[in-house]
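To be precise, the following lines are query.cif, and they hold mmCIF, C-alpha atoms.
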data_protein
loop_
_atom_site.label_atom_id
_atom_site.label_comp_id
_atom_site.auth_asym_id
_atom_site.auth_seq_id
_atom_site.Cartn_x
_atom_site.Cartn_y
_atom_site.Cartn_z
CA MET A 1 75.96 93.07 100.58
CA LYS A 2 74.00 95.99 99.21
CA PHE A 3 74.94 97.18 95.70
CA ILE A 4 76.82 93.92 95.13
CA ASP A 5 74.52 90.93 95.69
CA GLU A 6 71.71 92.17 93.47
CA TYR A 7 74.23 92.44 90.64
CA ARG A 8 75.17 88.77 91.05
CA ASP A 9 71.60 87.45 90.77
CA PRO A 10 71.94 84.14 88.86
CA ASP A 11 68.48 84.39 87.29
CA LEU A 12 69.14 87.83 85.93
CA VAL A 13 72.55 86.72 84.67
CA ARG A 14 70.94 83.79 82.85
CA HIS A 15 68.37 85.99 81.18
CA LEU A 16 70.98 88.58 80.28
CA LEU A 17 73.04 85.83 78.64
CA ASP A 18 70.01 84.87 76.53
CA ALA A 19 69.69 88.49 75.49
CA VAL A 20 73.41 88.78 74.66
CA THR A 21 73.26 85.56 72.66
CA ALA A 22 70.19 86.71 70.71
CA LEU A 23 71.68 90.10 69.91
CA ALA A 24 75.10 88.67 69.01
CA ALA A 25 73.35 86.35 66.52
CA ARG A 26 71.60 89.34 64.98
CA VAL A 27 74.92 91.18 64.58
CA GLY A 28 76.16 87.97 63.01
CA ARG A 29 79.85 88.62 62.37
CA ARG A 30 82.86 88.19 64.65
CA ILE A 31 82.77 90.83 67.39
CA SER A 32 85.96 91.88 69.22
CA LEU A 33 85.53 93.79 72.45
CA MET A 34 88.30 95.15 74.64
CA GLU A 35 88.05 95.52 78.38
CA ILE A 36 90.55 98.22 79.19
CA CYS A 37 90.55 97.91 82.96
CA GLY A 38 92.52 95.26 84.84
CA THR A 39 89.75 95.00 87.40
CA HIS A 40 87.44 93.99 84.52
CA THR A 41 89.99 91.43 83.30
CA HIS A 42 90.05 89.92 86.76
CA ALA A 43 86.24 90.02 87.20
CA ILE A 44 85.61 88.48 83.75
CA GLY A 45 87.99 85.64 84.65
CA ARG A 46 86.69 85.19 88.15
CA PHE A 47 83.04 85.00 87.11
CA GLY A 48 83.81 82.80 84.09
CA ILE A 49 82.16 85.22 81.72
CA ARG A 50 84.36 84.57 78.69
CA ARG A 51 83.24 80.96 78.39
CA LEU A 52 79.56 81.87 78.81
CA LEU A 53 79.50 84.24 75.85
CA PRO A 54 78.35 83.22 72.38
CA GLU A 55 81.02 82.00 69.93
CA ASN A 56 81.26 85.19 67.93
CA ILE A 57 82.08 87.50 70.87
CA HIS A 58 85.76 87.75 71.69
CA LEU A 59 86.99 89.61 74.74
CA ILE A 60 90.49 91.07 74.52
CA SER A 61 92.26 92.45 77.57
CA GLY A 62 93.75 95.92 77.31
CA PRO A 63 96.43 97.95 79.08
CA GLY A 64 94.47 98.75 82.24
CA CYS A 65 96.65 97.19 84.92
CA PRO A 66 98.74 100.06 86.31
CA VAL A 67 101.69 98.01 87.55
CA CYS A 68 101.79 96.17 84.22
CA VAL A 69 102.17 99.36 82.21
CA THR A 70 104.76 100.93 84.51
CA SER A 71 107.89 101.19 82.39
CA ILE A 72 110.92 99.17 83.39
CA HIS A 73 112.78 102.48 83.67
CA ASP A 74 110.30 103.68 86.30
CA VAL A 75 110.63 100.37 88.17
CA ASP A 76 114.41 100.88 88.16
CA ARG A 77 113.99 104.43 89.41
CA ALA A 78 111.74 103.17 92.22
CA LEU A 79 114.44 100.66 93.14
CA TYR A 80 117.02 103.43 93.23
CA LEU A 81 114.82 105.64 95.43
CA ALA A 82 114.02 102.79 97.82
CA ASP A 83 117.61 101.62 98.17
CA ARG A 84 118.90 104.77 99.85
CA PRO A 85 119.64 105.00 103.59
CA HIS A 86 117.14 106.77 105.84
CA VAL A 87 114.34 106.19 103.34
CA VAL A 88 111.02 104.50 103.95
CA PHE A 89 109.59 103.55 100.56
CA ALA A 90 105.84 102.99 100.56
CA THR A 91 103.71 101.63 97.74
CA PHE A 92 100.66 99.55 96.91
CA GLY A 93 101.24 95.81 97.31
CA ASP A 94 101.03 94.95 93.61
CA MET A 95 104.20 96.87 92.90
CA LEU A 96 106.50 94.81 95.11
CA ARG A 97 107.15 91.89 92.81
CA VAL A 98 107.33 93.78 89.51
CA PRO A 99 110.74 93.01 88.07
CA GLY A 100 113.09 95.75 86.95
CA THR A 101 116.35 95.40 85.03
CA GLY A 102 118.11 92.12 85.83
CA GLY A 103 115.07 90.81 87.72
CA ARG A 104 115.56 93.08 90.73
CA SER A 105 112.34 94.00 92.55
CA LEU A 106 111.21 95.97 95.59
CA GLN A 107 110.51 92.68 97.30
CA ARG A 108 114.08 91.51 96.83
CA LEU A 109 115.33 94.88 97.94
CA ARG A 110 113.27 94.58 101.10
CA ALA A 111 114.68 91.11 101.75
CA SER A 112 118.16 92.63 101.60
CA GLY A 113 117.29 95.23 104.22
CA ALA A 114 115.63 98.21 102.51
CA ASP A 115 112.64 99.68 104.34
CA VAL A 116 109.86 99.01 101.85
CA ARG A 117 106.30 99.16 103.18
CA ILE A 118 102.97 98.17 101.66
CA VAL A 119 100.15 100.65 102.14
CA SER A 120 96.55 100.59 100.96
CA SER A 121 96.12 104.35 100.78
CA ALA A 122 98.31 107.38 100.16
CA LEU A 123 97.06 108.57 103.55
CA ASP A 124 98.90 105.65 105.19
CA SER A 125 102.14 106.89 103.66
CA LEU A 126 101.44 110.37 104.99
CA ARG A 127 101.01 108.87 108.46
CA LEU A 128 104.36 107.08 108.07
CA ALA A 129 106.01 110.44 107.39
CA GLU A 130 104.45 111.96 110.50
CA GLU A 131 105.51 109.01 112.62
CA ASN A 132 109.07 108.90 111.26
CA PRO A 133 110.28 112.51 111.21
CA GLU A 134 113.93 111.37 111.00
CA LYS A 135 113.27 109.42 107.78
CA GLU A 136 112.37 110.52 104.27
CA VAL A 137 109.12 108.78 103.28
CA VAL A 138 108.80 108.23 99.53
CA PHE A 139 105.44 107.08 98.24
CA MET A 140 105.19 105.57 94.78
CA GLY A 141 102.03 107.03 93.29
CA ILE A 142 100.72 104.59 90.73
CA GLY A 143 97.35 104.13 89.05
CA PHE A 144 94.95 105.84 86.70
CA GLU A 145 92.41 108.60 87.27
CA THR A 146 90.71 106.61 90.04
CA THR A 147 93.80 106.72 92.23
CA ALA A 148 95.55 109.92 91.14
CA PRO A 149 93.12 112.27 92.98
CA THR A 150 93.68 110.38 96.25
CA VAL A 151 97.42 110.92 95.88
CA ALA A 152 96.88 114.55 94.92
CA SER A 153 94.87 114.93 98.12
CA ALA A 154 97.68 113.39 100.19
CA ILE A 155 100.23 115.77 98.60
CA ARG A 156 98.03 118.74 99.36
CA LYS A 157 97.58 117.54 102.95
CA ALA A 158 101.36 117.17 103.29
CA GLY A 159 101.65 120.80 102.18
CA LEU A 160 99.06 121.96 104.70
CA LYS A 161 100.80 120.03 107.46
CA GLY A 162 104.18 121.46 106.42
CA LEU A 163 105.80 118.02 106.20
CA ASN A 164 109.32 118.20 104.81
CA ASN A 165 110.13 114.48 104.89
CA TYR A 166 107.44 113.36 102.45
CA SER A 167 107.61 112.99 98.70
CA VAL A 168 105.81 111.15 95.94
CA PHE A 169 107.27 109.37 92.92
CA SER A 170 104.39 109.78 90.49
CA VAL A 171 104.03 107.25 87.70
CA HIS A 172 100.31 107.96 87.37
CA LYS A 173 98.86 107.62 83.91
CA THR A 174 95.67 108.63 82.16
CA VAL A 175 93.28 106.38 80.28
CA PRO A 176 91.87 108.50 77.40
CA GLN A 177 95.30 108.98 75.83
CA VAL A 178 96.10 105.27 75.79
CA ILE A 179 92.71 104.55 74.23
CA SER A 180 93.50 106.98 71.45
CA ALA A 181 96.84 105.23 70.94
CA LEU A 182 95.10 101.83 70.76
CA ILE A 183 92.56 103.09 68.26
CA GLU A 184 95.39 104.23 66.01
CA ASP A 185 97.18 100.85 66.27
CA PRO A 186 96.75 99.17 62.85
CA GLU A 187 97.42 95.71 64.33
CA LEU A 188 94.39 95.87 66.54
CA SER A 189 90.80 95.75 65.43
CA ILE A 190 88.22 96.40 68.11
CA ASP A 191 84.46 96.85 67.60
CA GLY A 192 83.70 98.13 71.05
CA PHE A 193 85.24 99.04 74.37
CA ILE A 194 84.07 97.96 77.82
CA CYS A 195 85.15 101.19 79.48
CA PRO A 196 86.43 101.21 83.07
CA GLY A 197 83.85 101.92 85.75
CA HIS A 198 85.93 103.47 88.47
CA VAL A 199 88.20 105.58 86.26
CA SER A 200 84.98 107.00 84.85
CA VAL A 201 83.66 107.92 88.30
CA ILE A 202 86.35 110.58 88.13
CA THR A 203 86.61 111.37 84.39
CA GLY A 204 82.96 111.16 83.28
CA VAL A 205 82.01 110.32 79.69
CA ASP A 206 84.15 112.87 77.83
CA ALA A 207 87.26 110.79 78.38
CA TYR A 208 86.06 108.32 75.77
CA LYS A 209 84.66 110.53 73.05
CA SER A 210 87.37 109.43 70.59
CA ILE A 211 85.82 105.94 70.58
CA PRO A 212 82.41 106.71 68.99
CA GLU A 213 84.09 109.31 66.78
CA THR A 214 85.98 106.45 65.12
CA GLY A 215 82.88 104.28 64.70
CA ARG A 216 83.20 102.05 67.73
CA ALA A 217 80.93 101.34 70.68
CA ALA A 218 81.80 102.50 74.19
CA VAL A 219 79.99 101.55 77.37
CA ILE A 220 81.15 102.50 80.87
CA THR A 221 80.60 99.29 82.79
CA GLY A 222 80.54 98.10 86.41
CA PHE A 223 82.33 95.07 87.78
CA GLU A 224 79.68 92.54 88.80
CA PRO A 225 78.40 89.83 86.42
CA VAL A 226 75.10 91.65 85.76
CA ASP A 227 77.05 94.85 85.05
CA ILE A 228 79.45 93.20 82.62
CA LEU A 229 76.73 91.37 80.69
CA GLU A 230 74.51 94.44 80.54
CA GLY A 231 77.53 96.44 79.33
CA ILE A 232 78.15 93.89 76.56
CA LEU A 233 74.43 93.96 75.68
CA MET A 234 74.56 97.74 75.35
CA ILE A 235 77.64 97.49 73.11
CA LEU A 236 75.88 94.96 70.90
CA ARG A 237 72.91 97.27 70.58
CA GLN A 238 75.19 100.07 69.35
CA LEU A 239 76.84 97.70 66.88
CA GLN A 240 73.52 96.48 65.57
CA GLU A 241 72.12 99.95 65.13
CA GLY A 242 75.40 101.38 63.81
CA ARG A 243 74.92 104.37 66.09
CA PHE A 244 77.85 104.98 68.39
CA GLU A 245 78.06 106.89 71.65
CA VAL A 246 79.62 106.73 75.11
CA ALA A 247 76.86 105.08 77.14
CA ILE A 248 76.83 104.45 80.88
CA GLN A 249 75.85 101.04 82.20
CA TYR A 250 77.42 101.74 85.61
CA ALA A 251 74.98 104.52 86.44
CA ARG A 252 75.11 103.95 90.19
CA GLY A 253 78.78 104.96 90.07
CA VAL A 254 79.20 107.35 87.17
CA ASN A 255 77.83 110.80 86.39
CA ARG A 256 78.24 112.10 82.85
CA GLU A 257 80.44 114.99 83.99
CA GLY A 258 82.56 112.88 86.39
CA ASN A 259 83.79 113.93 89.82
CA LEU A 260 84.55 117.65 89.38
CA GLN A 261 86.04 118.00 92.84
CA ALA A 262 88.57 115.23 92.17
CA LEU A 263 89.37 116.50 88.67
CA LYS A 264 90.06 119.96 90.04
CA LEU A 265 92.39 118.64 92.71
CA MET A 266 94.22 116.46 90.19
CA ALA A 267 94.75 119.47 87.93
CA GLU A 268 96.00 121.53 90.85
CA VAL A 269 98.69 119.02 91.85
CA PHE A 270 99.58 117.29 88.56
CA GLU A 271 100.40 118.40 85.05
CA THR A 272 100.25 116.11 82.04
CA ARG A 273 103.32 115.31 79.97
CA GLU A 274 104.43 112.47 77.77
CA GLY A 275 104.12 109.20 79.71
CA GLU A 276 106.16 106.05 79.17
CA TRP A 277 104.15 102.82 79.07
CA ARG A 278 105.59 99.36 79.24
CA GLY A 279 104.93 97.70 75.91
CA LEU A 280 103.26 100.73 74.37
CA GLY A 281 106.11 103.22 74.45
CA ARG A 282 105.71 106.94 74.86
CA ILE A 283 102.22 108.40 74.65
CA PRO A 284 101.73 112.18 74.56
CA GLN A 285 100.00 113.81 77.55
CA SER A 286 99.42 110.45 79.25
CA GLY A 287 101.66 110.87 82.31
CA LEU A 288 100.80 112.82 85.45
CA PHE A 289 103.73 114.72 86.94
CA ILE A 290 103.85 116.87 90.07
CA ARG A 291 103.59 120.58 89.35
CA GLU A 292 106.32 123.09 90.23
CA LYS A 293 104.08 124.45 92.99
CA TYR A 294 104.42 121.13 94.84
CA ALA A 295 108.08 120.54 93.91
CA ASN A 296 108.98 119.96 97.58
CA PHE A 297 106.88 116.80 97.46
CA ASP A 298 108.26 115.48 94.18
CA ALA A 299 110.59 112.52 94.76
CA LEU A 300 112.15 112.97 91.32
CA ARG A 301 113.16 116.57 92.05
CA LYS A 302 114.26 115.77 95.60
CA GLY A 303 115.99 112.46 94.88
CA ASN A 304 118.75 113.64 92.55
CA LEU A 305 118.50 110.55 90.39
CA PRO A 306 121.43 109.49 88.21
CA GLU A 307 121.01 108.29 84.63
CA ILE A 308 119.66 104.76 84.85
CA HIS A 309 120.07 102.46 81.89
CA SER A 310 117.18 100.00 81.84
CA VAL A 311 117.02 96.80 79.83
CA GLU A 312 113.79 94.94 79.02
CA PHE A 313 113.78 91.16 79.23
CA GLU A 314 114.34 89.44 75.97
CA ALA A 315 111.50 87.18 74.84
CA CYS A 316 108.96 88.72 77.25
CA ARG A 317 105.92 89.72 75.20
CA CYS A 318 104.01 91.72 77.81
CA GLY A 319 104.07 94.63 75.38
CA ASP A 320 102.07 92.75 72.74
CA ILE A 321 99.75 91.36 75.41
CA LEU A 322 99.07 94.84 76.81
CA ARG A 323 98.20 96.06 73.32
CA GLY A 324 95.83 93.11 72.91
CA VAL A 325 97.54 91.78 69.78
CA ILE A 326 98.45 88.36 71.22
CA PHE A 327 96.98 86.09 73.90
CA PRO A 328 99.19 84.96 76.81
CA GLU A 329 99.65 81.43 75.42
CA GLU A 330 101.32 82.91 72.38
CA CYS A 331 104.24 84.05 74.55
CA ARG A 332 106.96 81.42 74.73
CA LEU A 333 107.65 82.17 78.38
CA PHE A 334 104.02 81.85 79.56
CA ARG A 335 103.59 79.08 82.16
CA LYS A 336 107.02 77.70 81.41
CA VAL A 337 109.54 80.25 82.58
CA CYS A 338 107.07 82.95 83.60
CA THR A 339 104.71 81.85 86.37
CA PRO A 340 102.97 83.65 89.24
CA ALA A 341 105.74 82.45 91.59
CA THR A 342 108.51 83.52 89.21
CA PRO A 343 107.10 86.32 87.05
CA VAL A 344 109.32 87.54 84.24
CA GLY A 345 106.99 90.25 82.96
CA PRO A 346 104.60 92.51 84.85
CA CYS A 347 101.46 90.94 83.31
CA MET A 348 102.15 87.86 85.43
CA VAL A 349 102.67 89.80 88.66
CA SER A 350 99.42 91.50 89.50
CA SER A 351 96.23 89.47 89.90
CA GLU A 352 94.82 91.97 87.41
CA GLY A 353 97.57 91.30 84.91
CA THR A 354 96.33 89.57 81.79
CA CYS A 355 98.74 86.63 82.09
CA ALA A 356 98.03 86.02 85.78
CA ALA A 357 94.26 86.23 85.25
CA TYR A 358 94.44 83.88 82.24
CA LEU A 359 96.55 81.38 84.09
CA LYS A 360 94.21 81.36 87.06
CA TYR A 361 90.87 81.40 85.29
CA GLU A 362 90.95 81.02 81.54
CA ILE A 363 93.65 78.67 80.44
CA HIS A 364 91.45 75.63 79.75
CA ASN A 365 88.55 77.57 78.40
CA ARG A 366 89.71 80.08 75.85
CA LYS A 367 87.96 80.05 72.51
CA SER A 368 90.36 80.06 69.60
CA MET B 369 93.99 98.25 91.02
CA CYS B 370 90.99 100.44 90.38
CA ILE B 371 89.11 98.29 92.81
CA ALA B 372 86.47 100.17 94.76
CA PHE B 373 83.61 99.05 96.96
CA PRO B 374 80.31 100.41 98.25
CA GLY B 375 79.93 101.17 101.96
CA LYS B 376 77.41 102.86 104.23
CA ILE B 377 78.45 105.92 106.21
CA LEU B 378 78.11 105.38 109.97
CA THR B 379 79.78 108.52 111.34
CA ILE B 380 81.50 111.64 110.02
CA ASP B 381 84.10 113.47 112.13
CA GLN B 382 85.29 117.09 112.16
CA ASP B 383 88.37 116.29 110.04
CA ASN B 384 86.06 115.14 107.23
CA PHE B 385 86.73 111.45 107.73
CA ALA B 386 83.89 108.93 107.80
CA VAL B 387 83.61 105.47 109.28
CA ILE B 388 81.86 103.24 106.79
CA ASP B 389 80.35 99.81 107.08
CA ILE B 390 81.15 97.30 104.35
CA ASN B 391 79.15 94.19 105.10
CA GLY B 392 80.06 94.27 108.79
CA THR B 393 83.64 95.47 108.33
CA ARG B 394 84.39 99.03 109.41
CA ARG B 395 86.84 101.22 107.56
CA GLU B 396 87.81 104.84 107.81
CA VAL B 397 87.69 106.88 104.59
CA CYS B 398 88.46 110.49 103.79
CA LEU B 399 85.60 112.56 102.35
CA ASP B 400 87.77 115.30 100.80
CA ILE B 401 87.19 114.27 97.18
CA VAL B 402 83.68 112.78 97.26
CA ASP B 403 81.60 114.24 94.43
CA GLU B 404 78.54 115.34 96.42
CA LYS B 405 77.68 116.33 99.94
CA VAL B 406 77.14 113.21 102.02
CA ILE B 407 75.39 112.51 105.31
CA VAL B 408 75.30 109.59 107.73
CA GLY B 409 73.34 106.74 106.14
CA ASP B 410 74.47 107.49 102.57
CA TYR B 411 76.20 104.84 100.50
CA VAL B 412 79.52 105.80 98.94
CA ILE B 413 81.95 104.11 96.57
CA CYS B 414 85.38 103.97 98.21
CA HIS B 415 88.85 103.58 96.73
CA ALA B 416 92.28 103.63 98.41
CA GLY B 417 91.12 105.27 101.63
CA TYR B 418 88.82 107.83 99.99
CA ALA B 419 85.11 108.03 99.21
CA ILE B 420 84.91 109.01 95.54
CA HIS B 421 81.18 108.91 94.77
CA ARG B 422 77.83 109.15 96.52
CA ILE B 423 75.47 106.44 95.27
CA ASP B 424 71.98 107.65 94.46
CA GLU B 425 70.02 104.74 95.92
CA ASN B 426 66.76 105.50 94.17
CA LEU B 427 68.43 105.85 90.80
CA ALA B 428 70.22 102.53 91.31
CA LEU B 429 66.95 100.76 92.19
CA GLU B 430 65.15 102.31 89.23
CA ASN B 431 67.88 101.25 86.82
CA LEU B 432 67.88 97.69 88.11
CA ALA B 433 64.07 97.51 87.84
CA LEU B 434 64.27 98.87 84.30
CA LEU B 435 66.89 96.30 83.33
CA LYS B 436 64.71 93.49 84.71
CA GLU B 437 61.74 94.79 82.76
CA ILE B 438 63.71 94.97 79.51
CA ILE B 439 64.96 91.44 80.04
CA ASP B 440 61.57 90.01 81.08
CA ARG B 441 59.81 91.52 78.11
CA GLU B 442 62.68 90.64 75.80
CA ILE B 443 63.00 94.21 74.53
CA TYR B 444 66.48 93.89 73.11
#

Is it possible to give me this structure as structure tokens?
Amino acid sequence: MKFIDEYRDPDLVRHLLDAVTALAARVGRRISLMEICGTHTHAIGRFGIRRLLPENIHLISGPGCPVCVTSIHDVDRALYLADRPHVVFATFGDMLRVPGTGGRSLQRLRASGADVRIVSSALDSLRLAEENPEKEVVFMGIGFETTAPTVASAIRKAGLKGLNNYSVFSVHKTVPQVISALIEDPELSIDGFICPGHVSVITGVDAYKSIPETGRAAVITGFEPVDILEGILMILRQLQEGRFEVAIQYARGVNREGNLQALKLMAEVFETREGEWRGLGRIPQSGLFIREKYANFDALRKGNLPEIHSVEFEACRCGDILRGVIFPEECRLFRKVCTPATPVGPCMVSSEGTCAAYLKYEIHNRKS
Amino acid sequence: MCIAFPGKILTIDQDNFAVIDINGTRREVCLDIVDEKVIVGDYVICHAGYAIHRIDENLALENLALLKEIIDREIY
């Protein structure tokens, strides 16, 4: 497959590993790198990259799995919205098993009769609204800058079509703000960030400028083994030279200025306000909310939600895992109570969640 | 969830939707938010039903060749 296979070339991977090993030895000290994006966490696990790296490089998974960082309060609000009569609730598949207060989930709700549908695009939810004029179709818009413009586009299309039975519950979040929050976290020490490839297609390099400003390396990286190793190599080079910048490894996907068309559309439909992140709390300007102009398509304005009192699970340490301050095995629930079949916290739900990826790929191989 | 994949544009219709080929599988994607003008034969990165980026094939080939050269000559 073009633009994939050549980035899985075993020979090139082998030589890149030699280069990474040589450069890591030159840097000498312990090097902690964070991959922010859940798709990176999954790819690193899947390709076995962690165990191939030299001893002094440690990869820490960050808060880049959108369902994992959706606050329990937002999960509860989704459950409320979905559990009303005459509603079709549509969302991406990952969201279905995420537990809300008391372990309720969209999946359980569906089993008890609610009309919850899985879609792979916001456009599918728009189609559902056109096909079911007697129902209110609520789409849960979730994801970072990669996904938010697609949902903004669907909202604008709904406006152009004059649909009055379509609304979006936006829990979209933005990446630069959470990176700033992580950088300020005194419990976390990171030398460099493997920055998300597909978020950056939209945002461009400016999203990460706080990273080099605080003396850390930042490389926007693709998702194949050659990409990830080249990204790490580029980070090591910055560390060795002590000269920090936002560099682009994933040049076939990312322009420095980002996707202006998508950014413009996002800004037209969404405004930024304080966002609530599971495990990380409230982060200023990190949530994307539907603007007044599109109020008719805002499920929160239309849904008349009551006060919902949400309660996090005791003992679940997803919060610390999302901040990168503990590894999954350090959570008492991991693998015992919390498993992929019976997830307690959101990090075990999505295949991109740190706990699920560790359980599937890393558990016997993690360096201490 | 930010998973995206490269596909080749086979057709573009009047509503600005394209049919793309991903290794033999055909999918329909919307071209409303792609970052550059695209034509049939272009490769695009697609996410959640939308093309989000036109891949510059020559640039991608050049970069890969450059990486191989750096690695072969051990310039790191």

**Request:** Please work out which residues fall within 7 Å of (105.0, 85.9, 75.4), coordinates as given in the file, with all atoms listed in the file counting, and return them as a list in words.
**Result:**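 Residues with an atom close enough to that point: Ala315, Cys316, Arg317, Cys318, Pro328, Glu329, Glu330, Cys331, Arg332, Leu333 and Phe334 of chain A.
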
**Message:** I need the output of the PyMOL selection byres ((chain B) within 10 of (chain A)) for this file as a PyMOL selection string; which residues are they?
**Reply:** chain B and resi 369-376+390-392+397-398+400-404+411-429+431-432+435-436+438-440+442-444

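Going from atom CA of A:Leu182 over to atom CA of A:Arg291, you cover 27.7 Å.
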
**Request:** Could you check how far atom CA of A:Phe244 sits from atom CA of A:Pro212, in Å to one decimal?
**Result:**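 According to the coordinates, atom CA of A:Phe244 and atom CA of A:Pro212 are separated by 4.9 Å.
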
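The residue that comes closest to A:Leu52, out of A:Met140, A:Val344, A:Ile228, A:Ala78 and on the basis of only C-alpha atoms, is A:Ile228.
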
Edge lengths and centre, in Å to one decimal, as JSON: that's what I need for the box along x, y and z that holds all listed atoms of stretch 388-400 of chain B plus 4 Å on each side.
{"center_x": 83.8, "center_y": 104.7, "center_z": 105.1, "size_x": 17.3, "size_y": 29.1, "size_z": 16.6}

**Item:** Å distance separating atom CA of A:Ser200 from atom CA of A:Pro63, one decimal place
**Value:** 15.7 Å

**Request:** Please evaluate the PyMOL selection byres ((chain B and resi 396) around 7) against the displayed coordinates and give the resulting residues as a PyMOL selection string.
**Result:** chain B and resi 385-388+394-395+397-398

**Asked** Given the choices A:Ile36, A:Leu163, A:Ile363, A:Ile31, which gets closest to A:Leu126 if the distance is worked out from all atoms listed in the file?
**Response**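 Closest residue, counting all atoms listed in the file: A:Leu163.
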
Applying 9 Å and only C-alpha atoms, which residues near A:Val311 remain after dropping the ones on its own chain fewer than 6 positions away? List them as a compact mmCIF listing (two decimals) with C-alpha atoms, keeping the file's coordinate frame.
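Output saved as out_6.txt:
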# COMPACT_ATOMS: atom_id res chain seq x y z
CA ILE A 72 110.92 99.17 83.39
CA HIS A 73 112.78 102.48 83.67
CA GLY A 100 113.09 95.75 86.95
CA THR A 101 116.35 95.40 85.03
CA GLY A 102 118.11 92.12 85.83
